[in-house]
file data_2.cif (mmCIF, C-alpha atoms)
data_upload
#
loop_
_atom_site.group_PDB
_atom_site.id
_atom_site.type_symbol
_atom_site.label_atom_id
_atom_site.label_comp_id
_atom_site.auth_asym_id
_atom_site.auth_seq_id
_atom_site.Cartn_x
_atom_site.Cartn_y
_atom_site.Cartn_z
ATOM 1 C CA MET A 1 -10.140 39.205 54.398
ATOM 2 C CA THR A 2 -12.298 37.316 56.930
ATOM 3 C CA ALA A 3 -12.055 37.317 60.733
ATOM 4 C CA GLU A 4 -11.236 33.601 60.475
ATOM 5 C CA SER A 5 -8.258 34.143 58.146
ATOM 6 C CA SER A 6 -7.036 36.991 60.349
ATOM 7 C CA THR A 7 -7.179 34.754 63.460
ATOM 8 C CA LYS A 8 -5.386 31.959 61.585
ATOM 9 C CA TYR A 9 -2.648 34.376 60.511
ATOM 10 C CA ARG A 10 -2.251 35.651 64.057
ATOM 11 C CA ASP A 11 -2.049 32.110 65.525
ATOM 12 C CA GLU A 12 0.565 31.041 62.991
ATOM 13 C CA LEU A 13 2.536 34.240 63.571
ATOM 14 C CA VAL A 14 2.550 33.695 67.359
ATOM 15 C CA PHE A 15 3.809 30.149 66.812
ATOM 16 C CA ALA A 16 6.534 31.232 64.382
ATOM 17 C CA LEU A 17 7.681 34.055 66.708
ATOM 18 C CA ARG A 18 7.719 31.695 69.703
ATOM 19 C CA MET A 19 9.818 29.246 67.705
ATOM 20 C CA ARG A 20 12.339 32.032 67.188
ATOM 21 C CA GLU A 21 12.358 32.867 70.894
ATOM 22 C CA VAL A 22 11.004 36.378 70.401
ATOM 23 C CA PRO A 23 10.078 37.681 73.908
ATOM 24 C CA GLY A 24 6.380 37.737 74.860
ATOM 25 C CA ASP A 25 6.154 41.544 75.191
ATOM 26 C CA ARG A 26 7.647 41.965 71.704
ATOM 27 C CA ILE A 27 5.175 39.410 70.285
ATOM 28 C CA GLY A 28 2.308 41.433 71.801
ATOM 29 C CA ASP A 29 3.648 44.525 70.070
ATOM 30 C CA VAL A 30 3.992 42.759 66.697
ATOM 31 C CA LEU A 31 0.434 41.361 66.877
ATOM 32 C CA ALA A 32 -0.983 44.771 67.781
ATOM 33 C CA GLU A 33 0.891 46.352 64.833
ATOM 34 C CA VAL A 34 -0.517 43.748 62.425
ATOM 35 C CA ASP A 35 -4.051 44.146 63.868
ATOM 36 C CA SER A 36 -3.891 47.910 63.685
ATOM 37 C CA TYR A 37 -2.604 48.007 60.093
ATOM 38 C CA VAL A 38 -5.023 45.376 58.798
ATOM 39 C CA ALA A 39 -8.006 47.053 60.508
ATOM 40 C CA GLU A 40 -7.031 50.437 59.026
ATOM 41 C CA THR A 41 -6.435 49.266 55.452
ATOM 42 C CA GLY A 42 -8.550 46.105 55.116
ATOM 43 C CA GLN A 43 -5.516 44.536 53.436
ATOM 44 C CA ASP A 44 -4.833 40.827 53.648
ATOM 45 C CA PRO A 45 -2.126 40.250 56.325
ATOM 46 C CA VAL A 46 -0.137 37.889 54.058
ATOM 47 C CA GLU A 47 -0.091 40.517 51.306
ATOM 48 C CA ALA A 48 0.959 43.272 53.722
ATOM 49 C CA PHE A 49 3.404 41.426 55.991
ATOM 50 C CA GLY A 50 4.307 38.206 54.135
ATOM 51 C CA THR A 51 3.621 34.685 55.400
ATOM 52 C CA PRO A 52 3.795 34.250 59.205
ATOM 53 C CA GLY A 53 7.101 32.353 58.848
ATOM 54 C CA GLU A 54 8.660 35.067 56.662
ATOM 55 C CA TYR A 55 7.489 37.896 58.896
ATOM 56 C CA ALA A 56 8.673 36.157 62.063
ATOM 57 C CA ALA A 57 12.112 35.701 60.467
ATOM 58 C CA ARG A 58 12.247 39.425 59.601
ATOM 59 C CA VAL A 59 11.167 40.490 63.102
ATOM 60 C CA ALA A 60 13.806 38.194 64.649
ATOM 61 C CA GLU A 61 16.449 39.522 62.251
ATOM 62 C CA GLU A 62 15.733 43.135 63.247
ATOM 63 C CA LEU A 63 15.935 42.175 66.928
ATOM 64 C CA GLY A 64 19.490 41.021 66.275
ATOM 65 C CA ALA A 65 21.526 38.489 68.215
ATOM 66 C CA SER A 66 19.240 38.617 71.263
ATOM 67 C CA VAL A 67 16.878 36.127 69.626
ATOM 68 C CA GLY A 68 17.710 32.731 68.320
ATOM 69 C CA TYR A 69 17.385 30.517 65.331
ATOM 70 C CA PRO A 70 14.407 28.085 65.658
ATOM 71 C CA ARG A 71 16.547 25.077 66.596
ATOM 72 C CA ARG A 72 18.056 26.882 69.591
ATOM 73 C CA ALA A 73 14.636 27.000 71.261
ATOM 74 C CA VAL A 74 14.747 23.208 71.646
ATOM 75 C CA LEU A 75 18.345 22.990 72.776
ATOM 76 C CA ARG A 76 17.986 25.480 75.646
ATOM 77 C CA PRO A 77 18.918 23.902 79.027
ATOM 78 C CA GLY A 78 15.488 24.806 80.462
ATOM 79 C CA VAL A 79 13.621 22.903 77.724
ATOM 80 C CA LEU A 80 15.894 19.871 78.027
ATOM 81 C CA LEU A 81 15.515 19.876 81.825
ATOM 82 C CA VAL A 82 11.697 19.933 81.584
ATOM 83 C CA ALA A 83 11.815 17.080 79.045
ATOM 84 C CA ALA A 84 14.230 15.070 81.237
ATOM 85 C CA LEU A 85 12.061 15.541 84.342
ATOM 86 C CA ALA A 86 8.915 14.501 82.416
ATOM 87 C CA LEU A 87 10.622 11.449 80.977
ATOM 88 C CA CYS A 88 12.194 10.259 84.245
ATOM 89 C CA GLY A 89 8.964 10.929 86.184
ATOM 90 C CA ALA A 90 6.857 8.991 83.666
ATOM 91 C CA GLU A 91 9.362 6.117 83.503
ATOM 92 C CA LEU A 92 9.441 5.772 87.303
ATOM 93 C CA LEU A 93 5.643 6.018 87.523
ATOM 94 C CA VAL A 94 5.107 3.261 84.945
ATOM 95 C CA SER A 95 7.760 1.014 86.532
ATOM 96 C CA ALA A 96 6.308 1.488 90.049
ATOM 97 C CA ALA A 97 2.809 0.711 88.792
ATOM 98 C CA ALA A 98 3.976 -2.550 87.198
ATOM 99 C CA ALA A 99 6.142 -4.003 90.003
ATOM 100 C CA SER A 100 6.535 -3.883 93.786
ATOM 101 C CA GLU A 101 10.082 -2.576 93.451
ATOM 102 C CA VAL A 102 11.890 -0.554 90.802
ATOM 103 C CA VAL A 103 15.347 -1.639 89.670
ATOM 104 C CA LEU A 104 17.628 1.041 88.262
ATOM 105 C CA THR A 105 20.276 -0.288 85.866
ATOM 106 C CA THR A 106 22.988 1.319 83.723
ATOM 107 C CA GLY A 107 21.084 0.134 80.655
ATOM 108 C CA GLY A 108 17.918 1.829 81.942
ATOM 109 C CA ILE A 109 19.686 5.167 82.431
ATOM 110 C CA VAL A 110 21.399 4.989 79.030
ATOM 111 C CA GLY A 111 18.001 4.131 77.483
ATOM 112 C CA VAL A 112 16.366 7.218 79.041
ATOM 113 C CA VAL A 113 19.232 9.465 77.867
ATOM 114 C CA ALA A 114 18.969 7.955 74.357
ATOM 115 C CA LEU A 115 15.196 8.561 74.311
ATOM 116 C CA LEU A 116 15.704 12.155 75.448
ATOM 117 C CA ALA A 117 18.253 12.759 72.691
ATOM 118 C CA LEU A 118 15.980 11.200 70.066
ATOM 119 C CA LEU A 119 12.990 13.265 71.238
ATOM 120 C CA ALA A 120 15.148 16.409 70.996
ATOM 121 C CA VAL A 121 15.831 15.458 67.358
ATOM 122 C CA VAL A 122 12.050 15.026 66.810
ATOM 123 C CA LEU A 123 11.435 18.512 68.268
ATOM 124 C CA LEU A 124 14.165 19.992 66.066
ATOM 125 C CA LEU A 125 12.549 18.458 62.988
ATOM 126 C CA VAL A 126 9.084 19.683 64.051
ATOM 127 C CA MET A 127 10.436 23.209 64.492
ATOM 128 C CA ARG A 128 12.185 23.124 61.150
ATOM 129 C CA ALA A 129 8.953 21.904 59.538
ATOM 130 C CA ALA A 130 6.812 24.544 61.271
ATOM 131 C CA THR A 131 9.129 27.408 60.319
ATOM 132 C CA GLU A 132 10.107 26.201 56.844
ATOM 133 C CA THR A 133 9.411 28.994 54.374
ATOM 134 C CA HIS A 134 11.112 27.744 51.207
ATOM 135 C CA GLY A 135 8.669 25.210 49.854
ATOM 136 C CA THR A 136 5.779 22.923 50.582
ATOM 137 C CA ALA A 137 7.583 19.752 49.470
ATOM 138 C CA ARG A 138 10.474 20.351 51.848
ATOM 139 C CA ARG A 139 8.050 21.102 54.686
ATOM 140 C CA LEU A 140 6.152 17.867 53.985
ATOM 141 C CA TRP A 141 9.377 15.834 54.093
ATOM 142 C CA LEU A 142 10.331 17.435 57.400
ATOM 143 C CA TRP A 143 6.903 16.599 58.889
ATOM 144 C CA LEU A 144 7.165 12.993 57.641
ATOM 145 C CA GLY A 145 10.684 12.754 59.047
ATOM 146 C CA SER A 146 9.468 14.039 62.443
ATOM 147 C CA LEU A 147 6.630 11.516 62.487
ATOM 148 C CA ALA A 148 8.889 8.615 61.514
ATOM 149 C CA MET A 149 11.447 9.638 64.121
ATOM 150 C CA LEU A 150 8.740 9.917 66.799
ATOM 151 C CA VAL A 151 7.474 6.390 66.031
ATOM 152 C CA LEU A 152 10.981 4.916 65.909
ATOM 153 C CA ALA A 153 12.424 6.741 68.965
ATOM 154 C CA PRO A 154 11.046 4.392 71.710
ATOM 155 C CA PHE A 155 12.152 1.280 69.764
ATOM 156 C CA ALA A 156 15.622 2.717 69.185
ATOM 157 C CA ALA A 157 15.971 3.727 72.858
ATOM 158 C CA ASN A 158 14.815 0.248 73.886
ATOM 159 C CA ALA A 159 17.395 -1.358 71.593
ATOM 160 C CA VAL A 160 20.141 0.834 73.119
ATOM 161 C CA GLU A 161 18.973 -0.166 76.611
ATOM 162 C CA ARG A 162 19.137 -3.872 75.739
ATOM 163 C CA LEU A 163 22.524 -3.449 74.091
ATOM 164 C CA VAL A 164 23.986 -1.936 77.269
ATOM 165 C CA GLY A 165 22.319 -4.700 79.304
ATOM 166 C CA ALA A 166 20.506 -5.037 82.628
ATOM 167 C CA GLU A 167 23.727 -5.333 84.645
ATOM 168 C CA PRO A 168 25.022 -3.810 86.780
ATOM 169 C CA VAL A 169 22.072 -2.926 89.004
ATOM 170 C CA LEU A 170 22.682 0.531 90.385
ATOM 171 C CA LEU A 171 19.785 0.852 92.775
ATOM 172 C CA THR A 172 16.662 -1.004 93.924
ATOM 173 C CA MET A 173 13.786 1.108 95.172
ATOM 174 C CA PRO A 174 10.577 0.035 96.885
ATOM 175 C CA ARG A 175 7.375 1.104 95.132
ATOM 176 C CA TRP A 176 6.569 3.952 97.555
ATOM 177 C CA SER A 177 9.954 5.642 97.134
ATOM 178 C CA ALA A 178 9.782 5.290 93.317
ATOM 179 C CA LEU A 179 6.308 6.865 93.382
ATOM 180 C CA THR A 180 7.550 9.701 95.640
ATOM 181 C CA LEU A 181 10.522 10.359 93.342
ATOM 182 C CA ALA A 182 8.226 10.284 90.289
ATOM 183 C CA ALA A 183 5.902 12.805 91.978
ATOM 184 C CA VAL A 184 8.872 15.088 92.786
ATOM 185 C CA PHE A 185 10.107 14.938 89.169
ATOM 186 C CA LEU A 186 6.670 15.613 87.694
ATOM 187 C CA LEU A 187 5.937 18.417 90.169
ATOM 188 C CA ALA A 188 9.287 20.078 89.401
ATOM 189 C CA MET A 189 8.489 19.787 85.698
ATOM 190 C CA VAL A 190 5.086 21.486 86.170
ATOM 191 C CA VAL A 191 6.629 24.277 88.293
ATOM 192 C CA LEU A 192 9.353 24.955 85.699
ATOM 193 C CA LEU A 193 6.788 24.896 82.901
ATOM 194 C CA VAL A 194 4.399 27.298 84.652
ATOM 195 C CA ARG A 195 7.252 29.667 85.549
ATOM 196 C CA GLY A 196 8.481 29.629 81.964
ATOM 197 C CA ILE A 197 5.022 30.371 80.561
ATOM 198 C CA ARG A 198 4.171 33.086 83.123
ATOM 199 C CA GLY A 199 7.489 34.874 82.680
ATOM 200 C CA ASN A 200 7.024 35.187 78.942
ATOM 201 C CA ARG A 201 3.364 36.088 78.530
ATOM 202 C CA ILE A 202 2.077 37.950 75.492
ATOM 203 C CA VAL A 203 0.807 41.363 76.581
ATOM 204 C CA ASP A 204 -1.356 43.720 74.529
ATOM 205 C CA PRO A 205 0.472 47.097 74.564
ATOM 206 C CA ARG A 206 -2.560 49.127 73.429
ATOM 207 C CA PRO A 207 -4.310 51.310 75.995
ATOM 208 C CA GLY A 208 -7.688 49.646 76.609
ATOM 209 C CA GLY A 209 -6.827 47.142 73.871
ATOM 210 C CA PRO A 210 -9.059 44.121 73.279
ATOM 211 C CA GLY A 211 -6.369 41.756 74.565
ATOM 212 C CA LEU A 212 -4.267 39.231 72.698
ATOM 213 C CA PRO A 213 -4.047 35.435 72.858
ATOM 214 C CA MET B 1 9.186 47.739 40.980
ATOM 215 C CA GLU B 2 11.401 45.015 42.502
ATOM 216 C CA ARG B 3 14.539 47.035 41.735
ATOM 217 C CA GLN B 4 13.027 50.224 43.156
ATOM 218 C CA THR B 5 12.148 48.368 46.362
ATOM 219 C CA GLN B 6 15.788 47.263 46.624
ATOM 220 C CA TRP B 7 17.015 50.844 46.162
ATOM 221 C CA LEU B 8 14.584 52.052 48.781
ATOM 222 C CA ARG B 9 15.858 49.537 51.333
ATOM 223 C CA GLY B 10 19.288 51.178 51.165
ATOM 224 C CA VAL B 11 17.949 54.541 52.254
ATOM 225 C CA LEU B 12 14.751 53.573 54.072
ATOM 226 C CA ASP B 13 15.991 54.336 57.591
ATOM 227 C CA LEU B 14 17.112 57.826 56.556
ATOM 228 C CA ALA B 15 13.899 58.389 54.554
ATOM 229 C CA VAL B 16 11.815 57.474 57.605
ATOM 230 C CA LEU B 17 13.861 59.759 59.850
ATOM 231 C CA ALA B 18 13.416 62.552 57.280
ATOM 232 C CA LEU B 19 9.633 62.049 57.115
ATOM 233 C CA LEU B 20 9.425 62.100 60.897
ATOM 234 C CA ALA B 21 11.589 65.252 60.964
ATOM 235 C CA GLU B 22 8.988 66.912 58.723
ATOM 236 C CA SER B 23 5.908 65.829 60.653
ATOM 237 C CA GLY B 24 7.321 65.304 64.163
ATOM 238 C CA GLU B 25 5.390 62.070 64.573
ATOM 239 C CA ASP B 26 3.510 59.540 62.487
ATOM 240 C CA TYR B 27 2.240 55.959 62.461
ATOM 241 C CA GLY B 28 2.905 52.974 60.207
ATOM 242 C CA TYR B 29 0.045 53.237 57.735
ATOM 243 C CA THR B 30 0.563 56.944 56.964
ATOM 244 C CA LEU B 31 4.330 56.483 56.697
ATOM 245 C CA VAL B 32 3.775 53.828 54.000
ATOM 246 C CA ARG B 33 1.379 56.234 52.235
ATOM 247 C CA ARG B 34 3.747 59.205 52.516
ATOM 248 C CA LEU B 35 6.638 57.171 51.095
ATOM 249 C CA ASP B 36 4.385 56.199 48.209
ATOM 250 C CA GLU B 37 3.269 59.807 47.608
ATOM 251 C CA ALA B 38 6.918 60.944 47.713
ATOM 252 C CA GLY B 39 7.656 58.704 44.707
ATOM 253 C CA LEU B 40 9.171 55.877 46.787
ATOM 254 C CA PRO B 41 6.555 53.184 46.201
ATOM 255 C CA GLY B 42 6.443 49.486 46.991
ATOM 256 C CA MET B 43 7.188 49.650 50.710
ATOM 257 C CA LYS B 44 5.365 46.917 52.630
ATOM 258 C CA PRO B 45 4.469 47.276 56.305
ATOM 259 C CA GLY B 46 6.167 43.908 56.794
ATOM 260 C CA THR B 47 9.459 45.674 56.027
ATOM 261 C CA LEU B 48 8.673 49.053 57.570
ATOM 262 C CA TYR B 49 7.541 47.963 61.067
ATOM 263 C CA PRO B 50 10.633 45.863 61.883
ATOM 264 C CA LEU B 51 12.787 48.793 60.718
ATOM 265 C CA LEU B 52 10.827 51.280 62.854
ATOM 266 C CA ASN B 53 11.236 49.019 65.852
ATOM 267 C CA ARG B 54 14.969 48.739 65.245
ATOM 268 C CA LEU B 55 15.218 52.546 65.089
ATOM 269 C CA ASP B 56 13.234 52.581 68.337
ATOM 270 C CA SER B 57 15.627 50.165 70.055
ATOM 271 C CA GLU B 58 18.581 52.262 68.819
ATOM 272 C CA GLY B 59 16.996 55.371 70.340
ATOM 273 C CA LEU B 60 16.580 57.191 67.011
ATOM 274 C CA VAL B 61 12.802 57.243 67.339
ATOM 275 C CA ARG B 62 10.441 56.789 70.281
ATOM 276 C CA SER B 63 7.139 54.939 70.042
ATOM 277 C CA GLU B 64 3.870 55.058 71.929
ATOM 278 C CA TRP B 65 0.514 53.384 71.525
ATOM 279 C CA ARG B 66 -2.486 55.691 71.542
ATOM 280 C CA ALA B 67 -6.137 54.705 71.703
ATOM 281 C CA GLY B 68 -7.923 54.921 68.350
ATOM 282 C CA SER B 69 -11.287 56.608 67.987
ATOM 283 C CA GLY B 70 -13.585 53.606 67.751
ATOM 284 C CA GLY B 71 -10.965 51.443 66.027
ATOM 285 C CA PRO B 72 -7.850 49.714 67.279
ATOM 286 C CA GLY B 73 -5.029 51.777 68.787
ATOM 287 C CA ARG B 74 -2.267 53.267 66.676
ATOM 288 C CA LYS B 75 1.436 53.065 67.329
ATOM 289 C CA PHE B 76 2.974 56.493 66.822
ATOM 290 C CA PHE B 77 6.678 57.008 66.159
ATOM 291 C CA LEU B 78 8.379 60.249 67.189
ATOM 292 C CA LEU B 79 11.836 61.472 66.157
ATOM 293 C CA THR B 80 14.311 61.813 69.032
ATOM 294 C CA GLU B 81 17.203 64.270 69.285
ATOM 295 C CA ARG B 82 19.554 61.386 68.565
ATOM 296 C CA GLY B 83 17.559 60.500 65.438
ATOM 297 C CA ARG B 84 17.741 64.125 64.295
ATOM 298 C CA ALA B 85 21.518 64.108 64.830
ATOM 299 C CA VAL B 86 21.940 60.881 62.811
ATOM 300 C CA LEU B 87 19.846 62.372 59.990
ATOM 301 C CA ALA B 88 21.993 65.530 60.014
ATOM 302 C CA GLU B 89 25.170 63.441 59.884
ATOM 303 C CA GLN B 90 24.176 60.670 57.459
ATOM 304 C CA GLY B 91 21.777 62.646 55.205
ATOM 305 C CA PRO B 92 24.510 64.658 53.412
ATOM 306 C CA LEU B 93 26.583 61.478 52.922
ATOM 307 C CA TRP B 94 23.640 59.791 51.205
ATOM 308 C CA THR B 95 22.865 62.794 48.984
ATOM 309 C CA GLU B 96 26.518 62.944 47.899
ATOM 310 C CA PHE B 97 26.478 59.185 47.174
ATOM 311 C CA ALA B 98 23.231 59.506 45.190
ATOM 312 C CA ARG B 99 24.628 62.487 43.249
ATOM 313 C CA ASN B 100 27.780 60.519 42.349
ATOM 314 C CA ALA B 101 25.740 57.481 41.284
ATOM 315 C CA THR B 102 23.481 59.702 39.158
ATOM 316 C CA ALA B 103 26.507 61.337 37.513
ATOM 317 C CA VAL B 104 27.995 57.932 36.607
ATOM 318 C CA LEU B 105 24.687 56.773 35.120
ATOM 319 C CA GLU B 106 24.174 59.985 33.154
ATOM 320 C CA ARG B 107 27.698 59.811 31.726
ATOM 321 C CA GLY B 108 27.083 56.208 30.705
ATOM 322 C CA MET B 109 23.717 56.948 29.150
ATOM 323 C CA SER B 110 24.988 59.896 27.128
ATOM 324 C CA ALA B 111 28.135 58.074 25.944
#
call {"tool": "encode", "arguments": {"input": "data_2.cif", "output": "structure tokens"}}
result
Amino acid sequence: MTAESSTKYRDELVFALRMREVPGDRIGDVLAEVDSYVAETGQDPVEAFGTPGEYAARVAEELGASVGYPRRAVLRPGVLLVAALALCGAELLVSAAAASEVVLTTGGIVGVVALLALLAVVLLLVMRAATETHGTARRLWLWLGSLAMLVLAPFAANAVERLVGAEPVLLTMPRWSALTLAAVFLLAMVVLLVRGIRGNRIVDPRPGGPGLP
Amino acid sequence: MERQTQWLRGVLDLAVLALLAESGEDYGYTLVRRLDEAGLPGMKPGTLYPLLNRLDSEGLVRSEWRAGSGGPGRKFFLLTERGRAVLAEQGPLWTEFARNATAVLERGMSA
């Protein structure tokens, strides 16, 4: 076993555990257990613990109902709120950069909601692909599906927007207020993201341990 | 070996509690080795650690990380009073079950 393969295993395990919403302190514990065992025995981590996806599933299973199935990680309100803030902020920013005033229509709002829903489906497919343990072919199809969905999502959302139409106009905003609103949305997204990451950090439980990613 | 691993899973929590009752405390690697030496081979750490952590969350064992001499730290597991009580209660039930299963098999084999 090389240091490179050990690092790769650890990275994939962190990802798989995160996808199953295992808390950061528990992930730190699991990584330290794997490190400790592998250092003591020299055994390959896959041979000892199974593939990262399999081991993450077992850890989550033993933790019981407090942790979720991969798809739930995407559908949490916090994740959807961050995605909605990012999308609305970016949309407003682009519109304000292109014109002196931003017009908000029903079609525009429906288009943003449609894009958000389609991106949630892309994330679900990505998570299924990343945590798929039952075969390479199935994983490949899930990755291809995610990619296709990601490429098609903006076109589909645009088509929905046009179908609903540009009328009625709900609101007309001057550029400065659209830019201010975009800044508020994007700032709120960053704050939520940072809070989420800080509150769930991976901590090395070992006294004087070398630290974990 | 596959079948033996399946059998072991049915009694693994009690076997671990029993090993810890003998030694007071132990860590993952030596528990795997002791199970193997006791004639219960095939246990992978990928199965044992999640189980140990479940026993920990149920209060049957207690765990603590200790600094290793030169190497990485080791996570020691210690039997709690509650774990000892569960072993005292469930152990006899398992031995009776195993005895009954053995008797059925022996009758079948000698028939």
call {"tool": "interface_residues", "arguments": {"input": "data_2.cif", "of": "chain B", "to": "chain A", "cutoff": "12 Å", "atoms": "all atoms listed in the file", "output": "JSON, numbers by chain"}}
result
{"B": [27, 28, 29, 30, 31, 32, 33, 42, 43, 44, 45, 46, 47, 48, 49, 50, 51, 52, 53, 54, 55, 56, 57, 58, 63, 64, 65, 66, 67, 68, 69, 70, 71, 72, 73, 74, 75, 76]}
call {"tool": "resolve_selection", "arguments": {"input": "data_2.cif", "expression": "the PyMOL selection byres ((chain A and resi 91) around 12)", "output": "PDB file with C-alpha atoms, keeping the file's coordinate frame"}}
result
ATOM      1  CA  ALA A  84      14.230  15.070  81.237  1.00  0.00           C
ATOM      2  CA  LEU A  85      12.061  15.541  84.342  1.00  0.00           C
ATOM      3  CA  ALA A  86       8.915  14.501  82.416  1.00  0.00           C
ATOM      4  CA  LEU A  87      10.622  11.449  80.977  1.00  0.00           C
ATOM      5  CA  CYS A  88      12.194  10.259  84.245  1.00  0.00           C
ATOM      6  CA  GLY A  89       8.964  10.929  86.184  1.00  0.00           C
ATOM      7  CA  ALA A  90       6.857   8.991  83.666  1.00  0.00           C
ATOM      8  CA  LEU A  92       9.441   5.772  87.303  1.00  0.00           C
ATOM      9  CA  LEU A  93       5.643   6.018  87.523  1.00  0.00           C
ATOM     10  CA  VAL A  94       5.107   3.261  84.945  1.00  0.00           C
ATOM     11  CA  SER A  95       7.760   1.014  86.532  1.00  0.00           C
ATOM     12  CA  ALA A  96       6.308   1.488  90.049  1.00  0.00           C
ATOM     13  CA  ALA A  97       2.809   0.711  88.792  1.00  0.00           C
ATOM     14  CA  ALA A  98       3.976  -2.550  87.198  1.00  0.00           C
ATOM     15  CA  VAL A 102      11.890  -0.554  90.802  1.00  0.00           C
ATOM     16  CA  VAL A 103      15.347  -1.639  89.670  1.00  0.00           C
ATOM     17  CA  LEU A 104      17.628   1.041  88.262  1.00  0.00           C
ATOM     18  CA  GLY A 108      17.918   1.829  81.942  1.00  0.00           C
ATOM     19  CA  ILE A 109      19.686   5.167  82.431  1.00  0.00           C
ATOM     20  CA  GLY A 111      18.001   4.131  77.483  1.00  0.00           C
ATOM     21  CA  VAL A 112      16.366   7.218  79.041  1.00  0.00           C
ATOM     22  CA  VAL A 113      19.232   9.465  77.867  1.00  0.00           C
ATOM     23  CA  LEU A 115      15.196   8.561  74.311  1.00  0.00           C
ATOM     24  CA  LEU A 116      15.704  12.155  75.448  1.00  0.00           C
ATOM     25  CA  ALA A 178       9.782   5.290  93.317  1.00  0.00           C
ATOM     26  CA  LEU A 179       6.308   6.865  93.382  1.00  0.00           C
ATOM     27  CA  LEU A 181      10.522  10.359  93.342  1.00  0.00           C
ATOM     28  CA  ALA A 182       8.226  10.284  90.289  1.00  0.00           C
ATOM     29  CA  ALA A 183       5.902  12.805  91.978  1.00  0.00           C
ATOM     30  CA  PHE A 185      10.107  14.938  89.169  1.00  0.00           C
ATOM     31  CA  LEU A 186       6.670  15.613  87.694  1.00  0.00           C
TER      32      LEU A 186
END
call {"tool": "residues_around", "arguments": {"input": "data_2.cif", "residues": "A:Asn200", "least_positions_apart": "3", "cutoff": "8 Å", "atoms": "all atoms listed in the file", "output": "CSV table (one decimal) with C-alpha atoms, in the coordinates of the input"}}
result
chain,number,residue,atom,x,y,z
A,23,PRO,CA,10.1,37.7,73.9
A,24,GLY,CA,6.4,37.7,74.9
A,25,ASP,CA,6.2,41.5,75.2
A,196,GLY,CA,8.5,29.6,82.0
A,197,ILE,CA,5.0,30.4,80.6
call {"tool": "resolve_selection", "arguments": {"input": "data_2.cif", "expression": "the PyMOL selection byres ((chain A and resi 53) around 10)", "output": "number ranges by chain"}}
result
A: 12-17, 19-20, 50-52, 54-58, 130-134
call {"tool": "resolve_selection", "arguments": {"input": "data_2.cif", "expression": "the PyMOL selection byres ((chain B and resi 61) around 7)", "output": "list in words"}}
result
Leu55, Asp56, Gly59, Leu60, Arg62, Ser63, Phe77, Leu78, Leu79, Thr80 and Gly83 of chain B
call {"tool": "write_last_selection", "arguments": {"input": "data_2.cif", "atoms": "C-alpha atoms", "output": "compact mmCIF listing (two decimals), keeping the file's coordinate frame"}}
result
# COMPACT_ATOMS: atom_id res chain seq x y z
CA LEU B 55 15.22 52.55 65.09
CA ASP B 56 13.23 52.58 68.34
CA GLY B 59 17.00 55.37 70.34
CA LEU B 60 16.58 57.19 67.01
CA ARG B 62 10.44 56.79 70.28
CA SER B 63 7.14 54.94 70.04
CA PHE B 77 6.68 57.01 66.16
CA LEU B 78 8.38 60.25 67.19
CA LEU B 79 11.84 61.47 66.16
CA THR B 80 14.31 61.81 69.03
CA GLY B 83 17.56 60.50 65.44
call {"tool": "atom_distance", "arguments": {"input": "data_2.cif", "atom1": "atom CA of A:Lys8", "atom2": "atom CA of A:Asp44"}}
result
11.9 Å
call {"tool": "residues_around", "arguments": {"input": "data_2.cif", "residues": "stretch 140-142 of chain A", "least_positions_apart": "5", "cutoff": "8 Å", "atoms": "only C-alpha atoms", "output": "PyMOL selection string"}}
result
chain A and resi 125-126+128-129
call {"tool": "build_atoms", "arguments": {"input": "data_2.cif", "residues": "stretch 18-27 of chain B", "atoms": "N, CA and C atoms", "output": "compact mmCIF listing (two decimals), in the frame of the given file"}}
result
# COMPACT_ATOMS: atom_id res chain seq x y z
N ALA B 18 13.71 61.27 57.93
CA ALA B 18 13.42 62.55 57.28
C ALA B 18 11.92 62.86 57.32
N LEU B 19 11.09 61.84 57.07
CA LEU B 19 9.63 62.05 57.12
C LEU B 19 9.19 62.44 58.53
N LEU B 20 9.79 61.78 59.51
CA LEU B 20 9.43 62.10 60.90
C LEU B 20 9.95 63.49 61.29
N ALA B 21 11.07 63.90 60.69
CA ALA B 21 11.59 65.25 60.96
C ALA B 21 10.61 66.30 60.44
N GLU B 22 9.97 65.98 59.31
CA GLU B 22 8.99 66.91 58.72
C GLU B 22 7.73 67.03 59.58
N SER B 23 7.22 65.82 60.00
CA SER B 23 5.91 65.83 60.65
C SER B 23 6.01 65.77 62.18
N GLY B 24 7.18 65.44 62.70
CA GLY B 24 7.32 65.30 64.16
C GLY B 24 6.96 63.92 64.64
N GLU B 25 5.82 63.42 64.18
CA GLU B 25 5.39 62.07 64.57
C GLU B 25 4.48 61.50 63.49
N ASP B 26 4.38 60.18 63.47
CA ASP B 26 3.51 59.54 62.49
C ASP B 26 3.34 58.08 62.85
N TYR B 27 2.40 57.39 62.19
CA TYR B 27 2.24 55.96 62.46
C TYR B 27 2.40 55.17 61.17
